[in-house]
file work_25.txt (compact mmCIF, C-alpha atoms and all ligand atoms)
# COMPACT_ATOMS: atom_id res chain seq x y z
CA MET A 10 0.00 0.00 0.00
CA ALA A 11 1.22 3.46 -0.83
CA LYS A 12 -0.20 6.89 -0.24
CA ILE A 13 -0.18 8.76 -3.54
CA THR A 14 -0.85 12.49 -3.82
CA TYR A 15 -2.21 13.91 -7.07
CA GLN A 16 -1.89 17.68 -7.33
CA HIS A 17 -4.32 19.28 -9.74
CA PRO A 18 -3.37 22.26 -11.94
CA ASN A 19 -5.33 24.63 -9.67
CA GLY A 20 -3.23 23.55 -6.69
CA THR A 21 -5.74 21.32 -4.95
CA VAL A 22 -4.58 17.87 -3.96
CA THR A 23 -6.19 14.47 -3.77
CA VAL A 24 -4.51 11.89 -1.55
CA VAL A 25 -5.41 8.22 -1.90
CA ASP A 26 -4.14 4.91 -0.62
CA VAL A 27 -3.32 2.54 -3.47
CA GLU A 28 -2.68 -1.17 -3.12
CA ALA A 29 -0.01 -3.04 -5.04
CA PRO A 30 0.05 -4.29 -7.76
CA ASN A 31 -1.83 -1.31 -9.18
CA THR A 32 -0.16 1.56 -10.99
CA VAL A 33 -0.26 5.26 -10.23
CA MET A 34 -2.74 5.58 -13.12
CA ARG A 35 -4.96 2.79 -11.84
CA GLY A 36 -4.88 4.29 -8.35
CA ALA A 37 -6.32 7.50 -9.78
CA LYS A 38 -9.03 5.71 -11.75
CA LEU A 39 -10.06 3.48 -8.83
CA ASN A 40 -10.43 6.53 -6.62
CA ASN A 41 -12.13 8.80 -9.18
CA VAL A 42 -9.26 11.24 -9.28
CA GLU A 43 -10.00 13.64 -12.12
CA GLY A 44 -7.30 14.59 -14.57
CA ILE A 45 -6.13 11.19 -15.79
CA GLU A 46 -7.98 9.79 -18.79
CA ALA A 47 -6.02 6.61 -19.53
CA GLN A 48 -7.79 5.94 -22.82
CA CYS A 49 -5.69 2.88 -23.68
CA GLY A 50 -6.23 1.29 -20.30
CA GLY A 51 -2.60 1.25 -19.32
CA SER A 52 -0.81 -0.21 -22.32
CA ALA A 53 1.49 2.77 -22.91
CA GLN A 54 -0.17 3.80 -26.16
CA CYS A 55 -2.36 6.86 -25.57
CA GLY A 56 -0.37 9.26 -23.42
CA THR A 57 -3.51 10.41 -21.58
CA CYS A 58 -2.15 9.33 -18.21
CA HIS A 59 0.69 11.85 -18.38
CA VAL A 60 1.88 13.19 -15.01
CA TYR A 61 4.80 15.24 -13.78
CA ILE A 62 6.76 13.73 -10.93
CA ASP A 63 7.40 16.30 -8.22
CA PRO A 64 10.89 17.75 -8.76
CA ALA A 65 11.77 17.10 -5.11
CA ASN A 66 11.00 13.38 -5.40
CA THR A 67 13.60 11.02 -3.95
CA LEU A 68 11.51 7.84 -4.07
CA PRO A 69 12.72 5.05 -6.38
CA LEU A 70 10.84 4.92 -9.67
CA PRO A 71 11.48 2.50 -12.52
CA ALA A 72 13.54 3.71 -15.43
CA MET A 73 11.65 4.87 -18.50
CA ASP A 74 11.72 2.42 -21.40
CA ASP A 75 11.76 3.33 -25.10
CA VAL A 76 8.02 2.91 -25.57
CA GLU A 77 7.16 5.30 -22.73
CA ASP A 78 9.76 7.72 -24.00
CA ASP A 79 8.18 7.76 -27.48
CA VAL A 80 4.61 8.19 -26.19
CA LEU A 81 5.60 11.14 -24.00
CA TYR A 82 6.47 13.11 -27.15
CA GLY A 83 2.79 13.05 -28.12
CA THR A 84 1.05 14.19 -24.94
CA ALA A 85 -1.42 17.09 -24.89
CA CYS A 86 0.65 19.16 -22.48
CA GLU A 87 4.31 19.77 -22.98
CA ARG A 88 6.71 17.12 -21.87
CA SER A 89 9.26 18.04 -19.23
CA GLU A 90 12.17 16.31 -17.55
CA PHE A 91 9.67 15.22 -14.87
CA SER A 92 7.13 13.69 -17.27
CA ARG A 93 6.07 10.07 -16.89
CA LEU A 94 3.18 7.88 -17.95
CA SER A 95 1.40 7.05 -14.72
CA CYS A 96 0.39 3.67 -16.13
CA GLN A 97 4.05 2.71 -16.19
CA LEU A 98 4.62 3.50 -12.51
CA PRO A 99 3.90 0.43 -10.37
CA VAL A 100 2.70 1.01 -6.83
CA SER A 101 4.64 -0.54 -3.98
CA ASP A 102 5.57 0.34 -0.43
CA ALA A 103 8.74 1.87 -1.86
CA ILE A 104 6.84 4.79 -3.39
CA ASP A 105 4.68 5.56 -0.36
CA GLY A 106 4.30 9.34 -0.29
CA LEU A 107 4.77 9.94 -4.02
CA LEU A 108 3.54 13.33 -5.27
CA VAL A 109 2.58 13.72 -8.91
CA HIS A 110 1.34 16.85 -10.65
CA LEU A 111 -1.44 16.57 -13.20
CA PRO A 112 -1.23 18.45 -16.49
CA GLU A 113 -3.80 21.03 -17.63
CA ALA A 114 -5.12 18.62 -20.26
CA GLN A 115 -4.68 15.01 -21.33
CA SER A 116 -6.11 15.12 -24.86
S1 LIG B 201 -3.08 4.77 -19.98
FE1 LIG B 201 -2.57 5.03 -22.05
S2 LIG B 201 -0.46 5.51 -21.98
FE2 LIG B 201 -0.99 5.23 -19.91
call {"tool": "encode", "arguments": {"input": "work_25.txt", "output": "structure tokens", "more": "lines below"}}
Ligand code: FES
result
Amino acid sequence: MAKITYQHPNGTVTVVDVEAPNTVMRGAKLNNVEGIEAQCGGSAQCGTCHVYIDPANTLPLPAMDDVEDDVLYGTACERSEFSRLSCQLPVSDAIDGLLVHLPEAQS
């Protein structure tokens, strides 16, 4: 279980507890967190689960693979060095306390 915080573009935050083996994307969908569309259902194809990892993050996240890297070039909001696909971020105790920022738009 990990506590994940989703910060919306207007500054409000939604904090939810997410069980493994879900992803950060699935945690948002299961808890009705607005701002993540996830049109492809988590197969790293649509880019509508784009999030920005908080710049101060020190929690261990998996390395980005080539597929995720390619999809992040096609997201609705500009990619940054903190961009990730939330469907490619598995939830575990190791990322308890993760803060992600949601983009202004997903599509
Ligand atoms: S849900 Fe489609 S890329 Fe993540």
call {"tool": "axis_aligned_box", "arguments": {"input": "work_25.txt", "around": "ligand LIG 201 (chain B)", "padding_each_side": "3 Å", "output": "AutoDock Vina command-line options"}}
result
--center_x -1.8 --center_y 5.1 --center_z -21.0 --size_x 8.6 --size_y 6.7 --size_z 8.1
call {"tool": "closest_residue", "arguments": {"input": "work_25.txt", "among": "A:Cys86, A:Val60, A:Ile13, A:Phe91", "to": "A:Asn40", "atoms": "only C-alpha atoms"}}
result
A:Ile13
call {"tool": "residues_near_ligand", "arguments": {"input": "work_25.txt", "ligand": "ligand LIG 201 (chain B)", "cutoff": "8 Å", "atoms": "all atoms listed in the file", "output": "number ranges by chain"}}
result
A: 34, 46-59, 77, 80, 94-97
call {"tool": "atom_distance", "arguments": {"input": "work_25.txt", "atom1": "atom CA of A:Leu107", "atom2": "atom CA of A:Asp75"}}
result
23.2 Å
call {"tool": "closest_residue", "arguments": {"input": "work_25.txt", "among": "A:Ala114, A:Val22, A:Leu98, A:Leu39", "to": "A:Met73", "atoms": "all atoms listed in the file"}}
result
A:Leu98
call {"tool": "closest_residue", "arguments": {"input": "work_25.txt", "among": "A:Arg88, A:Arg93, A:His110, A:Arg35", "to": "A:Thr23", "atoms": "all atoms listed in the file"}}
result
A:His110
call {"tool": "residues_near_point", "arguments": {"input": "work_25.txt", "point": "(11.9, 6.5, -10.0)", "cutoff": "12 Å", "atoms": "only C-alpha atoms", "output": "PyMOL selection string"}}
result
chain A and resi 61-73+91-95+97-101+103-104+107-109
call {"tool": "atom_distance", "arguments": {"input": "work_25.txt", "atom1": "atom CA of A:Asn41", "atom2": "atom CA of A:Val25"}}
result
9.9 Å
call {"tool": "closest_residue", "arguments": {"input": "work_25.txt", "among": "A:Val27, A:Asn19, A:Glu90, A:Thr32", "to": "A:Gly44", "atoms": "all atoms listed in the file"}}
result
A:Asn19
call {"tool": "closest_residue", "arguments": {"input": "work_25.txt", "among": "A:Glu113, A:Asp102, A:Glu28, A:Glu43", "to": "A:Ala85", "atoms": "all atoms listed in the file"}}
result
A:Glu113
call {"tool": "atom_distance", "arguments": {"input": "work_25.txt", "atom1": "atom CA of A:Ala29", "atom2": "atom CA of A:Tyr15"}}
result
17.2 Å
